[in-house]
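Each remark here refers to the structure printed beneath this line.
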Amino acid sequence: MQLINIGFGNIVSANRVITIVSPESAPIKRLVQEAKDSKMAVDATCGRRTRAVIIMDSGHVILSAVQPETVASRLDKDVSKEEIEE
């Protein structure tokens, strides 16, 4: 199982990530609000501004204070390590 650091000591499973998006657009804001209403949102920002929204295969929406590009590069590094090990 590969894990990704999403900031402030919070970690998610790389195998379960579907997408990493910016929270700026109206559809993503609606998605986040719906997740909060249905108790499927996980706020991992530690009180800081949300900069990335991570959508998991379980339907959970994770809010991170780290830029989407940073999370994606960490995910890419983990996938590259996995390919090398195989």
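Lettering and numbering for the structure tokens are positional, with chains as A, B, ... in the shown order, residues counted from 1 in each chain, and ligands counted from 1 in the shown order.
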Apply DSSP to the backbone of this structure and, from chain A, keep only the residues in helix (DSSP H, G or I); write these as a PDB file with all heavy atoms, in the first residue's frame.
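Saved to states_38.pdb:
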```pdb
ATOM      1  N   ALA A  14      -2.581   6.124  -1.686  1.00  0.00           N
ATOM      2  CA  ALA A  14      -2.410   6.497  -3.093  1.00  0.00           C
ATOM      3  C   ALA A  14      -3.275   5.640  -4.007  1.00  0.00           C
ATOM      4  O   ALA A  14      -3.736   6.110  -5.048  1.00  0.00           O
ATOM      5  CB  ALA A  14      -0.948   6.370  -3.493  1.00  0.00           C
ATOM      6  N   ASN A  15      -3.517   4.406  -3.621  1.00  0.00           N
ATOM      7  CA  ASN A  15      -4.295   3.487  -4.454  1.00  0.00           C
ATOM      8  C   ASN A  15      -5.768   3.868  -4.542  1.00  0.00           C
ATOM      9  O   ASN A  15      -6.463   3.411  -5.440  1.00  0.00           O
ATOM     10  CB  ASN A  15      -4.192   2.062  -3.908  1.00  0.00           C
ATOM     11  CG  ASN A  15      -2.765   1.598  -3.836  1.00  0.00           C
ATOM     12  OD1 ASN A  15      -1.909   2.066  -4.574  1.00  0.00           O
ATOM     13  ND2 ASN A  15      -2.499   0.678  -2.932  1.00  0.00           N
ATOM     14  N   ARG A  16      -6.245   4.687  -3.623  1.00  0.00           N
ATOM     15  CA  ARG A  16      -7.667   5.013  -3.568  1.00  0.00           C
ATOM     16  C   ARG A  16      -7.985   6.396  -4.125  1.00  0.00           C
ATOM     17  O   ARG A  16      -9.149   6.761  -4.208  1.00  0.00           O
ATOM     18  CB  ARG A  16      -8.151   4.906  -2.136  1.00  0.00           C
ATOM     19  CG  ARG A  16      -7.788   3.520  -1.594  1.00  0.00           C
ATOM     20  CD  ARG A  16      -8.691   2.894  -0.673  1.00  0.00           C
ATOM     21  NE  ARG A  16     -10.069   2.934  -1.049  1.00  0.00           N
ATOM     22  CZ  ARG A  16     -11.033   2.636  -0.192  1.00  0.00           C
ATOM     23  NH1 ARG A  16     -10.740   2.292   1.023  1.00  0.00           N
ATOM     24  NH2 ARG A  16     -12.290   2.681  -0.575  1.00  0.00           N
ATOM     25  N   ALA A  26     -16.963  26.538  -9.308  1.00  0.00           N
ATOM     26  CA  ALA A  26     -18.276  26.376  -8.669  1.00  0.00           C
ATOM     27  C   ALA A  26     -18.687  24.906  -8.544  1.00  0.00           C
ATOM     28  O   ALA A  26     -19.206  24.510  -7.487  1.00  0.00           O
ATOM     29  CB  ALA A  26     -19.331  27.176  -9.418  1.00  0.00           C
ATOM     30  N   PRO A  27     -18.475  24.048  -9.570  1.00  0.00           N
ATOM     31  CA  PRO A  27     -18.864  22.647  -9.400  1.00  0.00           C
ATOM     32  C   PRO A  27     -18.105  21.942  -8.267  1.00  0.00           C
ATOM     33  O   PRO A  27     -18.687  21.135  -7.535  1.00  0.00           O
ATOM     34  CB  PRO A  27     -18.516  22.017 -10.749  1.00  0.00           C
ATOM     35  CG  PRO A  27     -18.548  23.132 -11.718  1.00  0.00           C
ATOM     36  CD  PRO A  27     -18.071  24.330 -10.952  1.00  0.00           C
ATOM     37  N   ILE A  28     -16.844  22.269  -8.099  1.00  0.00           N
ATOM     38  CA  ILE A  28     -16.060  21.653  -7.018  1.00  0.00           C
ATOM     39  C   ILE A  28     -16.535  22.187  -5.671  1.00  0.00           C
ATOM     40  O   ILE A  28     -16.640  21.432  -4.694  1.00  0.00           O
ATOM     41  CB  ILE A  28     -14.547  21.885  -7.213  1.00  0.00           C
ATOM     42  CG1 ILE A  28     -14.072  21.255  -8.514  1.00  0.00           C
ATOM     43  CG2 ILE A  28     -13.760  21.350  -6.028  1.00  0.00           C
ATOM     44  CD1 ILE A  28     -14.296  19.750  -8.607  1.00  0.00           C
ATOM     45  N   LYS A  29     -16.862  23.461  -5.606  1.00  0.00           N
ATOM     46  CA  LYS A  29     -17.396  24.024  -4.363  1.00  0.00           C
ATOM     47  C   LYS A  29     -18.707  23.338  -3.986  1.00  0.00           C
ATOM     48  O   LYS A  29     -18.934  23.030  -2.817  1.00  0.00           O
ATOM     49  CB  LYS A  29     -17.608  25.531  -4.500  1.00  0.00           C
ATOM     50  CG  LYS A  29     -16.319  26.320  -4.529  1.00  0.00           C
ATOM     51  CD  LYS A  29     -16.579  27.793  -4.690  1.00  0.00           C
ATOM     52  CE  LYS A  29     -15.262  28.560  -4.756  1.00  0.00           C
ATOM     53  NZ  LYS A  29     -15.453  29.991  -4.961  1.00  0.00           N
ATOM     54  N   ARG A  30     -19.559  23.073  -4.977  1.00  0.00           N
ATOM     55  CA  ARG A  30     -20.813  22.357  -4.719  1.00  0.00           C
ATOM     56  C   ARG A  30     -20.539  20.937  -4.242  1.00  0.00           C
ATOM     57  O   ARG A  30     -21.173  20.447  -3.307  1.00  0.00           O
ATOM     58  CB  ARG A  30     -21.694  22.324  -5.972  1.00  0.00           C
ATOM     59  CG  ARG A  30     -22.495  23.580  -6.183  1.00  0.00           C
ATOM     60  CD  ARG A  30     -23.582  23.374  -7.221  1.00  0.00           C
ATOM     61  NE  ARG A  30     -23.061  23.012  -8.536  1.00  0.00           N
ATOM     62  CZ  ARG A  30     -22.661  23.861  -9.462  1.00  0.00           C
ATOM     63  NH1 ARG A  30     -22.713  25.158  -9.233  1.00  0.00           N
ATOM     64  NH2 ARG A  30     -22.212  23.424 -10.626  1.00  0.00           N
ATOM     65  N   LEU A  31     -19.588  20.277  -4.896  1.00  0.00           N
ATOM     66  CA  LEU A  31     -19.230  18.909  -4.520  1.00  0.00           C
ATOM     67  C   LEU A  31     -18.745  18.856  -3.071  1.00  0.00           C
ATOM     68  O   LEU A  31     -19.134  17.972  -2.303  1.00  0.00           O
ATOM     69  CB  LEU A  31     -18.156  18.373  -5.464  1.00  0.00           C
ATOM     70  CG  LEU A  31     -17.747  16.938  -5.218  1.00  0.00           C
ATOM     71  CD1 LEU A  31     -18.051  16.110  -6.470  1.00  0.00           C
ATOM     72  CD2 LEU A  31     -16.281  16.856  -4.907  1.00  0.00           C
ATOM     73  N   VAL A  32     -17.912  19.810  -2.686  1.00  0.00           N
ATOM     74  CA  VAL A  32     -17.391  19.871  -1.319  1.00  0.00           C
ATOM     75  C   VAL A  32     -18.536  20.114  -0.334  1.00  0.00           C
ATOM     76  O   VAL A  32     -18.617  19.467   0.710  1.00  0.00           O
ATOM     77  CB  VAL A  32     -16.296  20.955  -1.186  1.00  0.00           C
ATOM     78  CG1 VAL A  32     -15.953  21.214   0.274  1.00  0.00           C
ATOM     79  CG2 VAL A  32     -15.057  20.559  -1.962  1.00  0.00           C
ATOM     80  N   GLN A  33     -19.442  21.031  -0.666  1.00  0.00           N
ATOM     81  CA  GLN A  33     -20.561  21.327   0.230  1.00  0.00           C
ATOM     82  C   GLN A  33     -21.472  20.115   0.389  1.00  0.00           C
ATOM     83  O   GLN A  33     -21.917  19.796   1.491  1.00  0.00           O
ATOM     84  CB  GLN A  33     -21.364  22.527  -0.280  1.00  0.00           C
ATOM     85  CG  GLN A  33     -22.399  23.007   0.715  1.00  0.00           C
ATOM     86  CD  GLN A  33     -21.798  23.378   2.063  1.00  0.00           C
ATOM     87  OE1 GLN A  33     -20.844  24.135   2.144  1.00  0.00           O
ATOM     88  NE2 GLN A  33     -22.345  22.823   3.142  1.00  0.00           N
ATOM     89  N   GLU A  34     -21.732  19.415  -0.704  1.00  0.00           N
ATOM     90  CA  GLU A  34     -22.553  18.199  -0.635  1.00  0.00           C
ATOM     91  C   GLU A  34     -21.871  17.132   0.219  1.00  0.00           C
ATOM     92  O   GLU A  34     -22.532  16.427   0.988  1.00  0.00           O
ATOM     93  CB  GLU A  34     -22.826  17.657  -2.034  1.00  0.00           C
ATOM     94  CG  GLU A  34     -23.776  18.503  -2.839  1.00  0.00           C
ATOM     95  CD  GLU A  34     -23.880  18.079  -4.297  1.00  0.00           C
ATOM     96  OE1 GLU A  34     -23.274  17.060  -4.684  1.00  0.00           O
ATOM     97  OE2 GLU A  34     -24.562  18.792  -5.051  1.00  0.00           O
ATOM     98  N   ALA A  35     -20.548  17.010   0.099  1.00  0.00           N
ATOM     99  CA  ALA A  35     -19.800  16.044   0.905  1.00  0.00           C
ATOM    100  C   ALA A  35     -19.868  16.418   2.395  1.00  0.00           C
ATOM    101  O   ALA A  35     -20.013  15.548   3.250  1.00  0.00           O
ATOM    102  CB  ALA A  35     -18.357  15.963   0.437  1.00  0.00           C
ATOM    103  N   LYS A  36     -19.777  17.708   2.676  1.00  0.00           N
ATOM    104  CA  LYS A  36     -19.882  18.152   4.073  1.00  0.00           C
ATOM    105  C   LYS A  36     -21.272  17.844   4.623  1.00  0.00           C
ATOM    106  O   LYS A  36     -21.408  17.368   5.755  1.00  0.00           O
ATOM    107  CB  LYS A  36     -19.590  19.651   4.185  1.00  0.00           C
ATOM    108  CG  LYS A  36     -18.132  19.998   4.056  1.00  0.00           C
ATOM    109  CD  LYS A  36     -17.915  21.493   4.191  1.00  0.00           C
ATOM    110  CE  LYS A  36     -16.441  21.847   4.077  1.00  0.00           C
ATOM    111  NZ  LYS A  36     -16.215  23.308   4.185  1.00  0.00           N
ATOM    112  N   ASP A  37     -22.289  18.105   3.829  1.00  0.00           N
ATOM    113  CA  ASP A  37     -23.672  17.857   4.268  1.00  0.00           C
ATOM    114  C   ASP A  37     -23.923  16.381   4.526  1.00  0.00           C
ATOM    115  O   ASP A  37     -24.672  16.019   5.435  1.00  0.00           O
ATOM    116  CB  ASP A  37     -24.667  18.374   3.234  1.00  0.00           C
ATOM    117  CG  ASP A  37     -24.655  19.899   3.112  1.00  0.00           C
ATOM    118  OD1 ASP A  37     -24.126  20.564   4.027  1.00  0.00           O
ATOM    119  OD2 ASP A  37     -25.158  20.407   2.090  1.00  0.00           O
ATOM    120  N   PRO A  68      -2.429  21.414  -5.373  1.00  0.00           N
ATOM    121  CA  PRO A  68      -2.687  20.173  -6.122  1.00  0.00           C
ATOM    122  C   PRO A  68      -1.444  19.643  -6.839  1.00  0.00           C
ATOM    123  O   PRO A  68      -1.229  18.432  -6.912  1.00  0.00           O
ATOM    124  CB  PRO A  68      -3.757  20.569  -7.132  1.00  0.00           C
ATOM    125  CG  PRO A  68      -4.401  21.774  -6.568  1.00  0.00           C
ATOM    126  CD  PRO A  68      -3.357  22.465  -5.746  1.00  0.00           C
ATOM    127  N   GLU A  69      -0.618  20.545  -7.363  1.00  0.00           N
ATOM    128  CA  GLU A  69       0.594  20.130  -8.067  1.00  0.00           C
ATOM    129  C   GLU A  69       1.558  19.411  -7.127  1.00  0.00           C
ATOM    130  O   GLU A  69       2.218  18.449  -7.515  1.00  0.00           O
ATOM    131  CB  GLU A  69       1.300  21.339  -8.699  1.00  0.00           C
ATOM    132  CG  GLU A  69       0.513  22.023  -9.792  1.00  0.00           C
ATOM    133  CD  GLU A  69      -0.513  23.019  -9.263  1.00  0.00           C
ATOM    134  OE1 GLU A  69      -0.493  23.356  -8.054  1.00  0.00           O
ATOM    135  OE2 GLU A  69      -1.361  23.443 -10.061  1.00  0.00           O
ATOM    136  N   THR A  70       1.639  19.883  -5.893  1.00  0.00           N
ATOM    137  CA  THR A  70       2.517  19.267  -4.906  1.00  0.00           C
ATOM    138  C   THR A  70       2.034  17.861  -4.554  1.00  0.00           C
ATOM    139  O   THR A  70       2.821  16.913  -4.514  1.00  0.00           O
ATOM    140  CB  THR A  70       2.585  20.129  -3.629  1.00  0.00           C
ATOM    141  OG1 THR A  70       2.981  21.450  -3.992  1.00  0.00           O
ATOM    142  CG2 THR A  70       3.556  19.559  -2.623  1.00  0.00           C
ATOM    143  N   VAL A  71       0.724  17.730  -4.325  1.00  0.00           N
ATOM    144  CA  VAL A  71       0.159  16.417  -4.006  1.00  0.00           C
ATOM    145  C   VAL A  71       0.359  15.470  -5.192  1.00  0.00           C
ATOM    146  O   VAL A  71       0.744  14.309  -5.021  1.00  0.00           O
ATOM    147  CB  VAL A  71      -1.333  16.522  -3.636  1.00  0.00           C
ATOM    148  CG1 VAL A  71      -1.918  15.147  -3.371  1.00  0.00           C
ATOM    149  CG2 VAL A  71      -1.525  17.426  -2.425  1.00  0.00           C
ATOM    150  N   ALA A  72       0.130  15.971  -6.403  1.00  0.00           N
ATOM    151  CA  ALA A  72       0.288  15.147  -7.605  1.00  0.00           C
ATOM    152  C   ALA A  72       1.734  14.693  -7.771  1.00  0.00           C
ATOM    153  O   ALA A  72       1.987  13.543  -8.142  1.00  0.00           O
ATOM    154  CB  ALA A  72      -0.173  15.912  -8.837  1.00  0.00           C
ATOM    155  N   SER A  73       2.688  15.572  -7.496  1.00  0.00           N
ATOM    156  CA  SER A  73       4.093  15.173  -7.632  1.00  0.00           C
ATOM    157  C   SER A  73       4.457  14.122  -6.595  1.00  0.00           C
ATOM    158  O   SER A  73       5.226  13.208  -6.879  1.00  0.00           O
ATOM    159  CB  SER A  73       5.021  16.384  -7.524  1.00  0.00           C
ATOM    160  OG  SER A  73       5.022  16.907  -6.218  1.00  0.00           O
ATOM    161  N   ARG A  74       3.893  14.227  -5.401  1.00  0.00           N
ATOM    162  CA  ARG A  74       4.141  13.203  -4.379  1.00  0.00           C
ATOM    163  C   ARG A  74       3.521  11.877  -4.798  1.00  0.00           C
ATOM    164  O   ARG A  74       4.108  10.816  -4.585  1.00  0.00           O
ATOM    165  CB  ARG A  74       3.562  13.645  -3.036  1.00  0.00           C
ATOM    166  CG  ARG A  74       4.303  14.828  -2.442  1.00  0.00           C
ATOM    167  CD  ARG A  74       3.650  15.326  -1.183  1.00  0.00           C
ATOM    168  NE  ARG A  74       4.340  16.506  -0.685  1.00  0.00           N
ATOM    169  CZ  ARG A  74       3.918  17.249   0.319  1.00  0.00           C
ATOM    170  NH1 ARG A  74       2.809  16.920   0.973  1.00  0.00           N
ATOM    171  NH2 ARG A  74       4.601  18.309   0.695  1.00  0.00           N
ATOM    172  N   LEU A  75       2.357  11.939  -5.398  1.00  0.00           N
ATOM    173  CA  LEU A  75       1.703  10.728  -5.902  1.00  0.00           C
ATOM    174  C   LEU A  75       2.522  10.111  -7.021  1.00  0.00           C
ATOM    175  O   LEU A  75       2.724   8.903  -7.064  1.00  0.00           O
ATOM    176  CB  LEU A  75       0.295  11.057  -6.396  1.00  0.00           C
ATOM    177  CG  LEU A  75      -0.507   9.929  -7.021  1.00  0.00           C
ATOM    178  CD1 LEU A  75      -0.763   8.837  -6.002  1.00  0.00           C
ATOM    179  CD2 LEU A  75      -1.813  10.455  -7.564  1.00  0.00           C
ATOM    180  N   ASP A  76       3.027  10.946  -7.917  1.00  0.00           N
ATOM    181  CA  ASP A  76       3.831  10.471  -9.041  1.00  0.00           C
ATOM    182  C   ASP A  76       5.119   9.806  -8.549  1.00  0.00           C
ATOM    183  O   ASP A  76       5.530   8.776  -9.070  1.00  0.00           O
ATOM    184  CB  ASP A  76       4.151  11.630  -9.983  1.00  0.00           C
ATOM    185  CG  ASP A  76       4.758  11.167 -11.282  1.00  0.00           C
ATOM    186  OD1 ASP A  76       4.327  10.115 -11.792  1.00  0.00           O
ATOM    187  OD2 ASP A  76       5.656  11.860 -11.794  1.00  0.00           O
ATOM    188  N   LYS A  77       5.752  10.366  -7.528  1.00  0.00           N
ATOM    189  CA  LYS A  77       6.970   9.768  -6.963  1.00  0.00           C
ATOM    190  C   LYS A  77       6.668   8.393  -6.386  1.00  0.00           C
ATOM    191  O   LYS A  77       7.431   7.459  -6.573  1.00  0.00           O
ATOM    192  CB  LYS A  77       7.557  10.671  -5.879  1.00  0.00           C
ATOM    193  CG  LYS A  77       8.242  11.892  -6.401  1.00  0.00           C
ATOM    194  CD  LYS A  77       8.776  12.733  -5.276  1.00  0.00           C
ATOM    195  CE  LYS A  77       9.341  14.032  -5.791  1.00  0.00           C
ATOM    196  NZ  LYS A  77       9.781  14.910  -4.694  1.00  0.00           N
ATOM    197  N   ASP A  78       5.544   8.267  -5.683  1.00  0.00           N
ATOM    198  CA  ASP A  78       5.168   6.969  -5.101  1.00  0.00           C
ATOM    199  C   ASP A  78       4.885   5.941  -6.176  1.00  0.00           C
ATOM    200  O   ASP A  78       5.280   4.787  -6.065  1.00  0.00           O
ATOM    201  CB  ASP A  78       3.930   7.118  -4.200  1.00  0.00           C
ATOM    202  CG  ASP A  78       4.267   7.742  -2.858  1.00  0.00           C
ATOM    203  OD1 ASP A  78       5.468   7.833  -2.539  1.00  0.00           O
ATOM    204  OD2 ASP A  78       3.341   8.135  -2.136  1.00  0.00           O
ATOM    205  N   VAL A  79       4.225   6.338  -7.251  1.00  0.00           N
ATOM    206  CA  VAL A  79       3.928   5.412  -8.348  1.00  0.00           C
ATOM    207  C   VAL A  79       5.228   5.007  -9.034  1.00  0.00           C
ATOM    208  O   VAL A  79       5.417   3.836  -9.381  1.00  0.00           O
ATOM    209  CB  VAL A  79       2.937   6.052  -9.353  1.00  0.00           C
ATOM    210  CG1 VAL A  79       2.811   5.208 -10.593  1.00  0.00           C
ATOM    211  CG2 VAL A  79       1.592   6.242  -8.683  1.00  0.00           C
ATOM    212  N   SER A  80       6.151   5.936  -9.226  1.00  0.00           N
ATOM    213  CA  SER A  80       7.431   5.618  -9.867  1.00  0.00           C
ATOM    214  C   SER A  80       8.210   4.614  -9.025  1.00  0.00           C
ATOM    215  O   SER A  80       8.814   3.695  -9.557  1.00  0.00           O
ATOM    216  CB  SER A  80       8.257   6.893 -10.047  1.00  0.00           C
ATOM    217  OG  SER A  80       7.615   7.776 -10.924  1.00  0.00           O
ATOM    218  N   LYS A  81       8.216   4.776  -7.707  1.00  0.00           N
ATOM    219  CA  LYS A  81       8.914   3.839  -6.818  1.00  0.00           C
ATOM    220  C   LYS A  81       8.306   2.443  -6.951  1.00  0.00           C
ATOM    221  O   LYS A  81       9.012   1.453  -6.987  1.00  0.00           O
ATOM    222  CB  LYS A  81       8.797   4.291  -5.368  1.00  0.00           C
ATOM    223  CG  LYS A  81       9.692   5.437  -5.001  1.00  0.00           C
ATOM    224  CD  LYS A  81       9.482   5.767  -3.526  1.00  0.00           C
ATOM    225  CE  LYS A  81      10.189   7.030  -3.116  1.00  0.00           C
ATOM    226  NZ  LYS A  81       9.911   7.377  -1.722  1.00  0.00           N
ATOM    227  N   GLU A  82       6.983   2.382  -7.034  1.00  0.00           N
ATOM    228  CA  GLU A  82       6.291   1.094  -7.152  1.00  0.00           C
ATOM    229  C   GLU A  82       6.663   0.398  -8.446  1.00  0.00           C
ATOM    230  O   GLU A  82       6.890  -0.806  -8.487  1.00  0.00           O
ATOM    231  CB  GLU A  82       4.781   1.324  -7.072  1.00  0.00           C
ATOM    232  CG  GLU A  82       3.963   0.055  -7.060  1.00  0.00           C
ATOM    233  CD  GLU A  82       2.499   0.358  -6.901  1.00  0.00           C
ATOM    234  OE1 GLU A  82       2.111   0.911  -5.860  1.00  0.00           O
ATOM    235  OE2 GLU A  82       1.746   0.028  -7.847  1.00  0.00           O
ATOM    236  N   GLU A  83       6.757   1.151  -9.566  1.00  0.00           N
ATOM    237  CA  GLU A  83       7.125   0.573 -10.861  1.00  0.00           C
ATOM    238  C   GLU A  83       8.558   0.043 -10.843  1.00  0.00           C
ATOM    239  O   GLU A  83       8.851  -0.995 -11.412  1.00  0.00           O
ATOM    240  CB  GLU A  83       6.960   1.602 -11.970  1.00  0.00           C
ATOM    241  CG  GLU A  83       5.503   1.931 -12.265  1.00  0.00           C
ATOM    242  CD  GLU A  83       5.356   3.073 -13.232  1.00  0.00           C
ATOM    243  OE1 GLU A  83       6.379   3.651 -13.665  1.00  0.00           O
ATOM    244  OE2 GLU A  83       4.211   3.410 -13.571  1.00  0.00           O
ATOM    245  N   ILE A  84       9.444   0.757 -10.147  1.00  0.00           N
ATOM    246  CA  ILE A  84      10.842   0.345 -10.062  1.00  0.00           C
ATOM    247  C   ILE A  84      10.965  -0.950  -9.260  1.00  0.00           C
ATOM    248  O   ILE A  84      11.714  -1.851  -9.617  1.00  0.00           O
ATOM    249  CB  ILE A  84      11.703   1.466  -9.428  1.00  0.00           C
ATOM    250  CG1 ILE A  84      11.788   2.649 -10.398  1.00  0.00           C
ATOM    251  CG2 ILE A  84      13.093   0.962  -9.082  1.00  0.00           C
ATOM    252  CD1 ILE A  84      12.397   3.889  -9.800  1.00  0.00           C
ATOM    253  N   GLU A  85      10.201  -1.052  -8.179  1.00  0.00           N
ATOM    254  CA  GLU A  85      10.260  -2.237  -7.320  1.00  0.00           C
ATOM    255  C   GLU A  85       9.738  -3.487  -8.002  1.00  0.00           C
ATOM    256  O   GLU A  85      10.132  -4.582  -7.673  1.00  0.00           O
ATOM    257  CB  GLU A  85       9.491  -1.963  -6.017  1.00  0.00           C
ATOM    258  CG  GLU A  85      10.189  -0.956  -5.127  1.00  0.00           C
ATOM    259  CD  GLU A  85       9.356  -0.584  -3.921  1.00  0.00           C
ATOM    260  OE1 GLU A  85       8.242  -1.117  -3.757  1.00  0.00           O
ATOM    261  OE2 GLU A  85       9.826   0.246  -3.132  1.00  0.00           O
TER     262      GLU A  85
END
```
- Query: Using only C-alpha atoms, which residue out of A:Val66, A:Thr45, A:Val61, A:Met1 lies closest to A:Ser13?
  - Reply: A:Met1
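Taking atom CA of A:Ile62 as the reference point, atom CA of A:Met40 is found at 8.5 Å.
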- Task: Point out the residue among A:Ala41, A:Val12, A:Ile4, A:Val17 with the least atom-to-atom distance to A:Ile55, counting only C-alpha atoms.
- Result: A:Val17
- Please identify all polymer residues within 12 Å of A:Asp43, counting only C-alpha atoms, omitting same-chain residues fewer than 6 positions from it, and present them as a VMD selection string. chain A and resid 6 to 8 10 32 to 33 35 to 36 49 to 54 60 to 65
- Task: Tell me, in Å to one decimal, how far atom CA of A:Gly9 is from atom CA of A:Gly47.
- Result: 13.7 Å
